[in-house]
Every structure is written in C-alpha cells, then in structure tokens.
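Visitor: Here you go, query-v8.txt (compact mmCIF, N, CA, C and O atoms):
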```txt
# COMPACT_ATOMS: atom_id res chain seq x y z
N MET A 1 17.42 6.20 19.40
CA MET A 1 16.05 6.47 19.75
C MET A 1 15.16 5.49 19.00
O MET A 1 15.22 5.38 17.79
N SER A 2 14.33 4.77 19.72
CA SER A 2 13.42 3.82 19.08
C SER A 2 11.99 4.13 19.48
O SER A 2 11.73 4.68 20.54
N VAL A 3 11.10 3.78 18.61
CA VAL A 3 9.68 4.01 18.85
C VAL A 3 9.05 2.67 19.19
O VAL A 3 9.21 1.70 18.46
N ARG A 4 8.35 2.61 20.30
CA ARG A 4 7.67 1.38 20.69
C ARG A 4 6.23 1.44 20.23
O ARG A 4 5.53 2.41 20.48
N LEU A 5 5.82 0.39 19.55
CA LEU A 5 4.46 0.31 19.06
C LEU A 5 3.66 -0.61 19.96
O LEU A 5 4.22 -1.49 20.62
N GLY A 6 2.37 -0.44 19.97
CA GLY A 6 1.51 -1.28 20.79
C GLY A 6 1.47 -2.72 20.29
O GLY A 6 2.01 -3.05 19.23
N ALA A 7 0.82 -3.58 21.05
CA ALA A 7 0.77 -5.00 20.72
C ALA A 7 0.05 -5.27 19.40
O ALA A 7 0.37 -6.20 18.69
N GLY A 8 -0.93 -4.44 19.05
CA GLY A 8 -1.69 -4.65 17.82
C GLY A 8 -1.10 -3.99 16.60
O GLY A 8 -1.67 -4.06 15.52
N ALA A 9 0.05 -3.36 16.73
CA ALA A 9 0.65 -2.63 15.62
C ALA A 9 1.02 -3.51 14.43
O ALA A 9 0.74 -3.13 13.29
N PRO A 10 1.62 -4.70 14.63
CA PRO A 10 1.93 -5.52 13.45
C PRO A 10 0.70 -5.94 12.68
O PRO A 10 0.70 -5.94 11.44
N ALA A 11 -0.37 -6.27 13.39
CA ALA A 11 -1.60 -6.66 12.71
C ALA A 11 -2.21 -5.47 11.97
O ALA A 11 -2.71 -5.62 10.85
N ALA A 12 -2.15 -4.30 12.57
CA ALA A 12 -2.68 -3.10 11.93
C ALA A 12 -1.86 -2.74 10.69
O ALA A 12 -2.43 -2.35 9.66
N MET A 13 -0.55 -2.88 10.77
CA MET A 13 0.30 -2.58 9.62
C MET A 13 0.05 -3.57 8.49
O MET A 13 0.03 -3.20 7.33
N THR A 14 -0.17 -4.84 8.85
CA THR A 14 -0.46 -5.84 7.83
C THR A 14 -1.79 -5.55 7.15
O THR A 14 -1.89 -5.60 5.92
N LEU A 15 -2.79 -5.21 7.93
CA LEU A 15 -4.11 -4.89 7.37
C LEU A 15 -4.03 -3.65 6.48
O LEU A 15 -4.57 -3.64 5.38
N LEU A 16 -3.34 -2.62 6.94
CA LEU A 16 -3.18 -1.40 6.15
C LEU A 16 -2.44 -1.70 4.84
O LEU A 16 -2.82 -1.19 3.78
N SER A 17 -1.43 -2.53 4.91
CA SER A 17 -0.68 -2.90 3.71
C SER A 17 -1.54 -3.65 2.71
O SER A 17 -1.51 -3.37 1.52
N VAL A 18 -2.34 -4.59 3.21
CA VAL A 18 -3.21 -5.37 2.33
C VAL A 18 -4.25 -4.45 1.67
O VAL A 18 -4.52 -4.56 0.47
N ILE A 19 -4.80 -3.53 2.45
CA ILE A 19 -5.78 -2.58 1.90
C ILE A 19 -5.14 -1.75 0.79
O ILE A 19 -5.73 -1.56 -0.28
N CYS A 20 -3.93 -1.25 1.02
CA CYS A 20 -3.24 -0.45 0.00
C CYS A 20 -2.95 -1.26 -1.25
O CYS A 20 -3.17 -0.78 -2.37
N LEU A 21 -2.47 -2.49 -1.08
CA LEU A 21 -2.13 -3.31 -2.24
C LEU A 21 -3.37 -3.68 -3.05
O LEU A 21 -3.35 -3.60 -4.29
N VAL A 22 -4.45 -4.06 -2.37
CA VAL A 22 -5.67 -4.46 -3.09
C VAL A 22 -6.31 -3.27 -3.79
O VAL A 22 -6.70 -3.35 -4.95
N SER A 23 -6.39 -2.13 -3.10
CA SER A 23 -7.00 -0.96 -3.74
C SER A 23 -6.13 -0.44 -4.88
O SER A 23 -6.65 0.01 -5.91
N GLY A 24 -4.81 -0.51 -4.73
CA GLY A 24 -3.93 -0.10 -5.82
C GLY A 24 -4.06 -0.98 -7.04
O GLY A 24 -4.13 -0.50 -8.18
N ALA A 25 -4.14 -2.29 -6.81
CA ALA A 25 -4.32 -3.21 -7.93
C ALA A 25 -5.68 -3.01 -8.60
O ALA A 25 -5.81 -3.10 -9.82
N SER A 26 -6.70 -2.73 -7.80
CA SER A 26 -8.04 -2.49 -8.35
C SER A 26 -8.05 -1.24 -9.22
O SER A 26 -8.62 -1.25 -10.32
N LEU A 27 -7.45 -0.16 -8.72
CA LEU A 27 -7.40 1.08 -9.51
C LEU A 27 -6.62 0.87 -10.80
O LEU A 27 -7.03 1.35 -11.87
N ALA A 28 -5.51 0.18 -10.71
CA ALA A 28 -4.70 -0.06 -11.91
C ALA A 28 -5.46 -0.95 -12.90
O ALA A 28 -5.33 -0.79 -14.11
N GLY A 29 -6.26 -1.88 -12.39
CA GLY A 29 -7.06 -2.73 -13.26
C GLY A 29 -8.20 -2.00 -13.94
O GLY A 29 -8.61 -2.33 -15.05
N LEU A 30 -8.75 -0.99 -13.27
CA LEU A 30 -9.85 -0.21 -13.83
C LEU A 30 -9.37 0.83 -14.85
O LEU A 30 -10.16 1.31 -15.65
N ALA A 31 -8.12 1.17 -14.81
CA ALA A 31 -7.59 2.25 -15.65
C ALA A 31 -7.85 2.08 -17.14
O ALA A 31 -8.27 3.04 -17.80
N PRO A 32 -7.64 0.90 -17.73
CA PRO A 32 -7.86 0.79 -19.17
C PRO A 32 -9.32 1.00 -19.60
O PRO A 32 -9.59 1.36 -20.73
N ARG A 33 -10.26 0.81 -18.69
CA ARG A 33 -11.67 0.98 -19.02
C ARG A 33 -12.10 2.45 -19.02
O ARG A 33 -13.15 2.80 -19.51
N ARG A 34 -11.31 3.29 -18.41
CA ARG A 34 -11.62 4.72 -18.30
C ARG A 34 -10.55 5.51 -19.05
O ARG A 34 -9.55 5.92 -18.47
N SER A 35 -10.76 5.73 -20.32
CA SER A 35 -9.71 6.33 -21.14
C SER A 35 -9.36 7.75 -20.73
O SER A 35 -8.20 8.15 -20.80
N VAL A 36 -10.34 8.53 -20.27
CA VAL A 36 -10.07 9.92 -19.91
C VAL A 36 -9.22 10.01 -18.64
O VAL A 36 -8.28 10.79 -18.56
N GLN A 37 -9.54 9.19 -17.65
CA GLN A 37 -8.83 9.24 -16.37
C GLN A 37 -7.75 8.17 -16.25
O GLN A 37 -7.27 7.90 -15.16
N GLN A 38 -7.35 7.57 -17.35
CA GLN A 38 -6.42 6.44 -17.30
C GLN A 38 -5.12 6.79 -16.60
O GLN A 38 -4.65 6.05 -15.74
N ALA A 39 -4.52 7.89 -16.94
CA ALA A 39 -3.23 8.26 -16.34
C ALA A 39 -3.36 8.51 -14.85
O ALA A 39 -2.51 8.09 -14.06
N ALA A 40 -4.43 9.16 -14.45
CA ALA A 40 -4.63 9.44 -13.02
C ALA A 40 -4.86 8.16 -12.24
O ALA A 40 -4.31 7.98 -11.14
N LEU A 41 -5.67 7.24 -12.78
CA LEU A 41 -5.93 5.97 -12.10
C LEU A 41 -4.67 5.11 -12.02
O LEU A 41 -4.41 4.48 -11.00
N GLU A 42 -3.89 5.09 -13.10
CA GLU A 42 -2.65 4.32 -13.07
C GLU A 42 -1.67 4.91 -12.06
O GLU A 42 -1.00 4.16 -11.33
N GLY A 43 -1.59 6.22 -12.00
CA GLY A 43 -0.70 6.87 -11.03
C GLY A 43 -1.12 6.61 -9.59
O GLY A 43 -0.29 6.28 -8.74
N ALA A 44 -2.42 6.74 -9.33
CA ALA A 44 -2.92 6.49 -7.97
C ALA A 44 -2.75 5.02 -7.60
O ALA A 44 -2.36 4.69 -6.47
N GLY A 45 -3.06 4.13 -8.53
CA GLY A 45 -2.90 2.70 -8.27
C GLY A 45 -1.45 2.33 -7.99
O GLY A 45 -1.15 1.59 -7.05
N GLY A 46 -0.55 2.85 -8.80
CA GLY A 46 0.87 2.59 -8.58
C GLY A 46 1.36 3.15 -7.26
O GLY A 46 2.14 2.50 -6.56
N GLY A 47 0.89 4.33 -6.91
CA GLY A 47 1.27 4.92 -5.63
C GLY A 47 0.79 4.10 -4.45
O GLY A 47 1.52 3.91 -3.46
N LEU A 48 -0.42 3.58 -4.53
CA LEU A 48 -0.94 2.74 -3.45
C LEU A 48 -0.19 1.41 -3.35
O LEU A 48 0.05 0.91 -2.24
N ILE A 49 0.18 0.85 -4.48
CA ILE A 49 0.96 -0.40 -4.46
C ILE A 49 2.32 -0.15 -3.80
O ILE A 49 2.77 -0.92 -2.95
N VAL A 50 2.97 0.93 -4.17
CA VAL A 50 4.27 1.26 -3.57
C VAL A 50 4.11 1.53 -2.08
O VAL A 50 4.92 1.07 -1.27
N LEU A 51 3.05 2.25 -1.69
CA LEU A 51 2.81 2.51 -0.27
C LEU A 51 2.61 1.20 0.50
O LEU A 51 3.14 1.04 1.60
N GLY A 52 1.87 0.26 -0.09
CA GLY A 52 1.68 -1.03 0.56
C GLY A 52 3.00 -1.76 0.76
O GLY A 52 3.24 -2.37 1.80
N LEU A 53 3.87 -1.70 -0.23
CA LEU A 53 5.18 -2.35 -0.12
C LEU A 53 6.07 -1.65 0.90
O LEU A 53 6.82 -2.30 1.63
N VAL A 54 5.96 -0.34 0.99
CA VAL A 54 6.73 0.41 1.99
C VAL A 54 6.28 0.04 3.39
O VAL A 54 7.11 -0.14 4.29
N ILE A 55 4.98 -0.12 3.59
CA ILE A 55 4.47 -0.50 4.90
C ILE A 55 4.98 -1.89 5.28
O ILE A 55 5.36 -2.13 6.42
N ILE A 56 4.98 -2.82 4.31
CA ILE A 56 5.52 -4.15 4.58
C ILE A 56 7.00 -4.04 4.96
O ILE A 56 7.46 -4.65 5.92
N GLY A 57 7.75 -3.26 4.19
CA GLY A 57 9.17 -3.10 4.46
C GLY A 57 9.45 -2.46 5.79
O GLY A 57 10.43 -2.82 6.48
N ALA A 58 8.60 -1.55 6.22
CA ALA A 58 8.81 -0.89 7.51
C ALA A 58 8.63 -1.87 8.66
O ALA A 58 9.19 -1.68 9.73
N GLY A 59 7.84 -2.91 8.45
CA GLY A 59 7.61 -3.89 9.50
C GLY A 59 8.64 -5.00 9.57
O GLY A 59 8.61 -5.83 10.48
N LEU A 60 9.55 -5.05 8.61
CA LEU A 60 10.55 -6.12 8.61
C LEU A 60 11.58 -5.89 9.72
O LEU A 60 12.01 -4.76 9.98
N PRO A 61 12.00 -6.94 10.38
CA PRO A 61 12.97 -6.79 11.47
C PRO A 61 14.33 -6.28 11.01
O PRO A 61 15.09 -5.75 11.83
N VAL A 62 14.65 -6.41 9.74
CA VAL A 62 15.93 -5.94 9.23
C VAL A 62 16.08 -4.44 9.42
O VAL A 62 17.18 -3.93 9.68
N PHE A 63 14.97 -3.70 9.34
CA PHE A 63 15.03 -2.24 9.40
C PHE A 63 14.81 -1.68 10.79
O PHE A 63 14.66 -0.48 10.96
N ARG A 64 14.77 -2.51 11.78
CA ARG A 64 14.57 -2.02 13.16
C ARG A 64 15.87 -1.83 13.87
O ARG A 64 16.86 -2.34 13.59
```
Go ahead and express the file in the form of structure tokens.
Guide:
Amino acid sequence: MSVRLGAGAPAAMTLLSVICLVSGASLAGLAPRRSVQQAALEGAGGGLIVLGLVIIGAGLPVFR
C-alpha cells in the first residue's frame, strides 16, 4: 500500500523541514539567555530539530 502525494508535496515538505530546523535552532540558541525556562527551550528546540530531520528523511527515496 502506497500513499500518493500531490505535485507540491516535496516542496511543502522541504519548507516545513526548514521551518522546523530554523525554529529549533533559534529556540536552542535563546535557551542560555533564559535561565528559568532553559530546560524547556532546549527540549522544544531539540524536538523541532529532530522533527525537521525526520521530515527530510521521510522524503528520501530510500524509504519509499
């Protein structure tokens, strides 16, 4: 069973991945400046970076 995506799906996945990676890096970069919320910001930033990498990996032809 395979799922067919529309013609704009690769571009949308790339854009979503870039958004996740940039926002994750931004949150992780802001974490040291906010001592009270540092752990939460680092966790959220790391999660977004991993999500961005997962989206990239899902689009690779090896996994289709």
Visitor: Hey, what's within 5 Å of Leu48 (chain A) if we count all atoms listed in the file and toss same-chain stuff fewer than 6 positions away? As a list in words, please?
Guide: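 In the requested format, the answer is Cys20, Leu21 and Gly24 of chain A.
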Visitor: Considering all atoms listed in the file, can you say which of A:Leu27, A:Val50, A:Leu41, A:Ile55 comes closest to Pro10 (chain A)?
Guide: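 Looking at the shortest contact to Pro10 (chain A), the residue is A:Ile55.
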Visitor: Record the distance separating atom C of Met13 (chain A) and atom N of Ile49 (chain A), expressed in Å with one decimal.
Guide: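 Rounded to one decimal, the two atoms are 13.7 Å apart.
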Visitor: Just how far from CA of Gly46 (chain A) is CA of Gly29 (chain A), in Å to one decimal?
Guide: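 Taking CA of Gly29 (chain A) as the start and CA of Gly46 (chain A) as the end point, the length is 10.6 Å.
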Visitor: Return the single residue from A:Ala31, A:Gly59, A:Ala25, A:Ile19 that is closest to Gly45 (chain A), with distances computed using only N, CA, C and O atoms.
Guide: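 Result for the nearest residue to Gly45 (chain A): A:Ala25.
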Visitor: So the first atom is CA of Gly52 (chain A) and the second is CA of Arg33 (chain A); what is the distance between them in Å, to one decimal place?
Guide: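 These atoms are spaced 23.8 Å apart.
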Visitor: Between A:Leu30, A:Ala40, A:Ala11, A:Ser17, single out the one closest to Ile56 (chain A), counting all atoms listed in the file.
Guide: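 Comparing A:Leu30, A:Ala40, A:Ala11, A:Ser17 against Ile56 (chain A), the winner is A:Ser17.
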